[in-house]
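Trainee: Below you'll find the structure I mean.
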Amino acid sequence: MAVQKHLRLPDEIAEQMEHRDKEKYPTENAFVAAAIQKFSAQLEQERVEKKLENIQKELTELHELCKKEFAADGVYGSDFSY
């Protein structure tokens with residue numbers, strides 16, 4: 001079910017809507033919906049990438065801790081790796 005919303009857009013955005021690919025986006029609604037979906041997907045991708053960066057950082061710290069702790073008791077040498 002479609003919900004009706006009325007938006008006030010800057011002139012430059014309205015102009016971009018007028019110059020859209022009308023075969024790909026036959027209506028202004030289709031153009032706006034696609035733009036919002038793309039923007040939302042990019043935000044989600046950025047969120048996932050940030051989370052993956054944090055996980056990688058934690059894994060690196062854990063790896064360094066393991067190297068330090070296991071190398072101390074002579075089980076592994078200085079080139080300790082999984």
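Following the order of the structure tokens, first chain is A, next is B, and so on, with residues numbered from 1 inside each chain and ligands from 1 in the order they appear.
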Skipping near chain neighbours, those fewer than 2 positions away, what residues fall within 9 Å of range 7-17 of chain A using only C-alpha atoms, listed as a VMD selection string?
Mentor: chain A and resid 5 19 to 21 28 31 to 32
Trainee: Write down as a ChimeraX atom specification the residues of range 7-69 of chain A whose backbone DSSP state falls under helix (DSSP H, G or I).
Mentor: /A:11-18,28-69
